[in-house]
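In what follows, a structure is listed as structure tokens, so that the remarks can point back to it.
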Amino acid sequence: MNAEQSPPQSKMPLDTAVRQQRMKAWTPILHPVWVIVTLLAIGAAFVPLGLRFRAISDAVVEYKIKYDAHDINTDCSIAVANEGIPCNLTFTIEEDMDEGVMVYYEIENFHQNHREYETSRDDAQQSSYVLRCTVLSVPYTVSCVMPVIFQHSYSSFDTKLLGSPDQTKLASEFCDPLNKLGNITLNPCGLIANTFFNDVITFVPNTEQTDAQIQMTESGIAWTSDLEYKFRQPDEFKSEKCDDCNDCMCESPDWSCKEKYVDSDGECFRYFYPNDDTTQYLHETYDMISPIAGVTDEHFVVWMRIASHPHFRKLYGYFENGFKAGDTVTFHIDNRWIVNNFKGSKSLVITTTSAFGGKSGELGGCFIGVGGICLLAALFFALKHFIKPRKLADEKYLKYKVE
């Protein structure tokens, strides 16, 4: 044997305490007294905490009005999508509502968490990070570049494109059947964007509330990270505020608008969207969306963050001021979003909040339940140990195998 030859390899682990499982360990002995004391301590801590959490939840003031459902008829009910039935909802405040009153719309039996629904979107399209492709030969030989942050959405990166030349085949399949309408490309595409909750909710102040300058704020309701990184207007989009509304013309090809856009403050704008003749943008699908904001509209951004349960709430706005007992709070509803097709319902909710969010007794109930079970178990084991104690490590309980 060659002396320089290396010794044969072995699969034997190294002779160390870790590899050979010789580490010192502490194995607690579950003595009845210590078990009883531990259960009592857990129960004594959890029950008061649960009562405190329940009291915090009960202090939240909440009012809800169901204004449309598949099984009831109200002044707001609609039978056809986008019917636009107007109605008013009035809340009578019975308890003082402190500053920071939230306004939610609540939907029941709408499964945003369904697999087909939650994947039906094109994040790159909504973020203006479109797939840039150069045709090398015909057909279907292209060279494409996509930012790294979106490549995880296209794990089977396929350069054979469908629909828009800036959309991958996988993204097109995700958005189908709401990717194109004939020769018109939907931007944004997919089920989530094109089932957007488009009811218009407007606060109607009375004389006293007008004098106190109470108003509902609809900005600041979306996640900052979503607005900064996930939703942007198309790369070539541009807009301009006009100094004079009478001189705000939409001349082609500099501007794609058919007519100037006038916002709620009376300011006039003109804008340009790329490929406007072959693309239907969000403001063209939903007229309540400003063409200047587009996919960065905060109501749309809130909707695109899907809910995990079929019964959910989404924030529509908030009041920085509170309301006193005896006040009335009125909202005008332009009802467009139909619920009959999925046997659901819609409600409007106004509520205060706490450190744990809205009114919810589940957290306190869980703590009270766990604490109560621990106290009952401690009582049971204490009675058992007092009435018929068992000697620790009594050999008479050992069972030997009979040879």
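We label chains A, B, ... in the order they appear in the structure tokens, count residues from 1 in each chain, and number ligands from 1 in the order shown.
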
Discussion item. DSSP on the backbone: which residues in stretch 81-318 of chain A end up as helix (DSSP H, G or I)? Give the answer as number ranges by chain.
Written reply: A: 115-118, 123-126, 148-154, 169-175, 193-195, 207-211, 224-230, 245-247, 282-285, 294-296, 298-304

Practice prompt. Give me every strand (DSSP E or B) residue in stretch 152-356 of chain A, going by DSSP on the backbone, as a VMD selection string.
Written response: chain A and resid 180 to 181 184 to 187 200 to 204 217 238 to 241 261 to 262 268 to 272 279 to 281 312 to 319 323 328 to 335 345 to 351 354

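In this model, the gap between atom CA of A:Lys399 and atom CA of A:Arg22 comes to 28.7 Å.
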
Worksheet entry | Residue contacts of A:Thr38 (12 Å, only C-alpha atoms) excluding same-chain residues fewer than 5 positions away, as a ChimeraX atom specification | /A:30-33,43-45,371,374-375,377-379,381-382

Worksheet entry | Nearby residues (only C-alpha atoms) at most 7 Å from A:Cys175, same-chain spacing under 4 positions excluded, as a PyMOL selection string | chain A and resi 120-122+171+179+189-191

Could you write out the selected residues, including N, CA, C and O atoms, as a short mmCIF file (atom, residue, chain, number, x, y, z; two decimals), in the first residue's frame?
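Listing of again-v4.cif after writing:
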```
data_model
loop_
_atom_site.label_atom_id
_atom_site.label_comp_id
_atom_site.auth_asym_id
_atom_site.auth_seq_id
_atom_site.Cartn_x
_atom_site.Cartn_y
_atom_site.Cartn_z
N SER A 120 -55.10 36.00 -9.87
CA SER A 120 -55.55 36.65 -11.11
C SER A 120 -55.16 38.13 -11.09
O SER A 120 -56.00 39.01 -10.88
N ARG A 121 -53.87 38.41 -11.29
CA ARG A 121 -53.35 39.78 -11.29
C ARG A 121 -52.00 39.78 -11.97
O ARG A 121 -51.36 38.74 -12.13
N ASP A 122 -51.54 40.94 -12.36
CA ASP A 122 -50.21 41.11 -12.95
C ASP A 122 -49.53 42.24 -12.19
O ASP A 122 -49.75 43.42 -12.47
N ALA A 171 -48.27 35.60 -17.01
CA ALA A 171 -49.10 36.69 -16.51
C ALA A 171 -50.41 36.75 -17.27
O ALA A 171 -51.47 37.02 -16.68
N ASN A 179 -58.15 39.60 -19.33
CA ASN A 179 -56.88 40.16 -19.79
C ASN A 179 -57.10 41.07 -21.00
O ASN A 179 -56.50 42.14 -21.09
N CYS A 189 -55.18 44.15 -15.40
CA CYS A 189 -55.97 42.98 -15.78
C CYS A 189 -56.27 42.13 -14.56
O CYS A 189 -55.78 42.39 -13.46
N GLY A 190 -57.07 41.09 -14.76
CA GLY A 190 -57.31 40.12 -13.71
C GLY A 190 -58.61 40.32 -12.95
O GLY A 190 -59.27 41.36 -13.04
N LEU A 191 -58.97 39.30 -12.18
CA LEU A 191 -60.23 39.30 -11.45
C LEU A 191 -60.24 40.30 -10.30
O LEU A 191 -61.26 40.94 -10.05
#
```

Worksheet item: Quick one: residues within 10 Å of A:Gln215, only C-alpha atoms counted, chain neighbours fewer than 3 positions away excluded, as an MDAnalysis selection string?
Response: chainID A and resid 202:205 209:210 212 218 317:321

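With only C-alpha atoms as the basis for measurement, A:Lys324 is the residue among A:His385, A:Lys258, A:Lys230, A:Lys324 that approaches A:Ile93 most closely.
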
Produce a table with one row for each residue of stretch 279-309 of chain A that has an atom at most 12 Å from any atom of stretch 97-106 of chain A, each row naming the nearest atom pair and its distance in Å at one decimal; use only C-alpha atoms; arrange rows by chain and rising residue number; format as a tab-separated table.
```
residue	atom	partner	partner_atom	distance
A:His299	CA	A:Tyr105	CA	11.2
A:Val302	CA	A:Tyr104	CA	11.3
A:Trp303	CA	A:Tyr105	CA	10.9
A:Ala307	CA	A:Glu106	CA	11.3
A:His309	CA	A:Glu106	CA	11.8
```

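For the choices A:Tyr281, A:Ser128, A:Arg336, A:Ile201, the atom-to-atom distance to A:Lys180 is smallest for A:Tyr281 when using only C-alpha atoms.
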
Item to complete: Fewer than 5 positions away in the same chain doesn't count, so skip those; otherwise give me all residues within 12 Å of A:Tyr261, counting only C-alpha atoms, as a PyMOL selection string.
Response: chain A and resi 239-242+245-246+248-250+255-256+266-272+283+287+289-293

Keeping only N, CA, C and O atoms, write those residues as a compact mmCIF listing (two decimals), in the first residue's frame.
```
# COMPACT_ATOMS: atom_id res chain seq x y z
N SER A 239 -49.05 64.00 -16.67
CA SER A 239 -50.21 64.85 -16.46
C SER A 239 -49.73 66.27 -16.20
O SER A 239 -48.58 66.49 -15.80
N GLU A 240 -50.65 67.21 -16.41
CA GLU A 240 -50.29 68.62 -16.25
C GLU A 240 -51.49 69.38 -15.71
O GLU A 240 -52.61 69.23 -16.21
N LYS A 241 -51.25 70.16 -14.69
CA LYS A 241 -52.30 71.01 -14.14
C LYS A 241 -52.38 72.28 -14.96
O LYS A 241 -51.37 72.93 -15.22
N CYS A 242 -53.59 72.62 -15.38
CA CYS A 242 -53.78 73.78 -16.25
C CYS A 242 -53.98 75.04 -15.41
O CYS A 242 -54.68 75.02 -14.39
N CYS A 245 -58.77 76.76 -16.83
CA CYS A 245 -59.60 75.65 -17.30
C CYS A 245 -60.14 75.89 -18.71
O CYS A 245 -60.38 74.95 -19.46
N ASN A 246 -60.34 77.15 -19.06
CA ASN A 246 -60.85 77.45 -20.40
C ASN A 246 -59.81 77.23 -21.48
O ASN A 246 -60.15 77.13 -22.66
N CYS A 248 -57.51 74.65 -21.26
CA CYS A 248 -56.97 73.32 -20.96
C CYS A 248 -57.41 72.35 -22.05
O CYS A 248 -58.42 71.66 -21.93
N MET A 249 -56.67 72.31 -23.14
CA MET A 249 -57.03 71.52 -24.31
C MET A 249 -56.23 70.23 -24.34
O MET A 249 -55.09 70.17 -23.88
N CYS A 250 -56.84 69.18 -24.87
CA CYS A 250 -56.18 67.87 -24.98
C CYS A 250 -55.78 67.65 -26.43
O CYS A 250 -56.43 66.89 -27.17
N TRP A 255 -51.27 64.73 -25.70
CA TRP A 255 -52.19 64.32 -24.64
C TRP A 255 -53.19 63.32 -25.19
O TRP A 255 -53.69 63.48 -26.31
N SER A 256 -53.47 62.29 -24.44
CA SER A 256 -54.40 61.25 -24.89
C SER A 256 -55.83 61.48 -24.42
O SER A 256 -56.74 60.78 -24.85
N GLY A 266 -62.09 71.64 -8.29
CA GLY A 266 -62.28 72.51 -9.44
C GLY A 266 -61.02 72.75 -10.25
O GLY A 266 -61.03 73.56 -11.18
N GLU A 267 -59.93 72.04 -9.92
CA GLU A 267 -58.69 72.17 -10.67
C GLU A 267 -58.78 71.34 -11.95
O GLU A 267 -59.36 70.25 -11.97
N CYS A 268 -58.19 71.85 -13.02
CA CYS A 268 -58.26 71.18 -14.32
C CYS A 268 -56.92 70.55 -14.68
O CYS A 268 -55.85 71.14 -14.44
N PHE A 269 -56.97 69.36 -15.28
CA PHE A 269 -55.77 68.62 -15.65
C PHE A 269 -55.94 68.05 -17.05
O PHE A 269 -57.05 67.77 -17.50
N ARG A 270 -54.82 67.88 -17.72
CA ARG A 270 -54.79 67.07 -18.94
C ARG A 270 -53.72 66.01 -18.75
O ARG A 270 -52.78 66.18 -17.96
N TYR A 271 -53.84 64.90 -19.47
CA TYR A 271 -52.98 63.76 -19.19
C TYR A 271 -52.72 62.96 -20.46
O TYR A 271 -53.41 63.10 -21.48
N PHE A 272 -51.72 62.10 -20.35
CA PHE A 272 -51.36 61.22 -21.48
C PHE A 272 -51.13 59.82 -20.95
O PHE A 272 -50.37 59.61 -20.01
N HIS A 283 -59.27 54.15 -14.96
CA HIS A 283 -60.25 55.24 -14.90
C HIS A 283 -61.31 55.12 -15.98
O HIS A 283 -62.39 55.71 -15.86
N ASP A 287 -65.46 55.03 -13.46
CA ASP A 287 -65.42 56.48 -13.61
C ASP A 287 -65.19 57.20 -12.28
O ASP A 287 -64.92 58.40 -12.27
N ILE A 289 -62.69 56.60 -10.43
CA ILE A 289 -61.23 56.68 -10.30
C ILE A 289 -60.72 57.87 -11.11
O ILE A 289 -61.05 58.02 -12.29
N SER A 290 -59.92 58.69 -10.48
CA SER A 290 -59.33 59.82 -11.18
C SER A 290 -58.29 59.34 -12.18
O SER A 290 -57.45 58.50 -11.85
N PRO A 291 -58.30 59.86 -13.42
CA PRO A 291 -57.26 59.48 -14.38
C PRO A 291 -55.87 59.96 -13.96
O PRO A 291 -54.87 59.42 -14.42
N ILE A 292 -55.81 60.94 -13.08
CA ILE A 292 -54.51 61.41 -12.60
C ILE A 292 -53.93 60.41 -11.60
O ILE A 292 -52.73 60.14 -11.60
N ALA A 293 -54.77 59.82 -10.76
CA ALA A 293 -54.30 58.85 -9.77
C ALA A 293 -54.17 57.45 -10.38
O ALA A 293 -53.18 56.76 -10.15
```
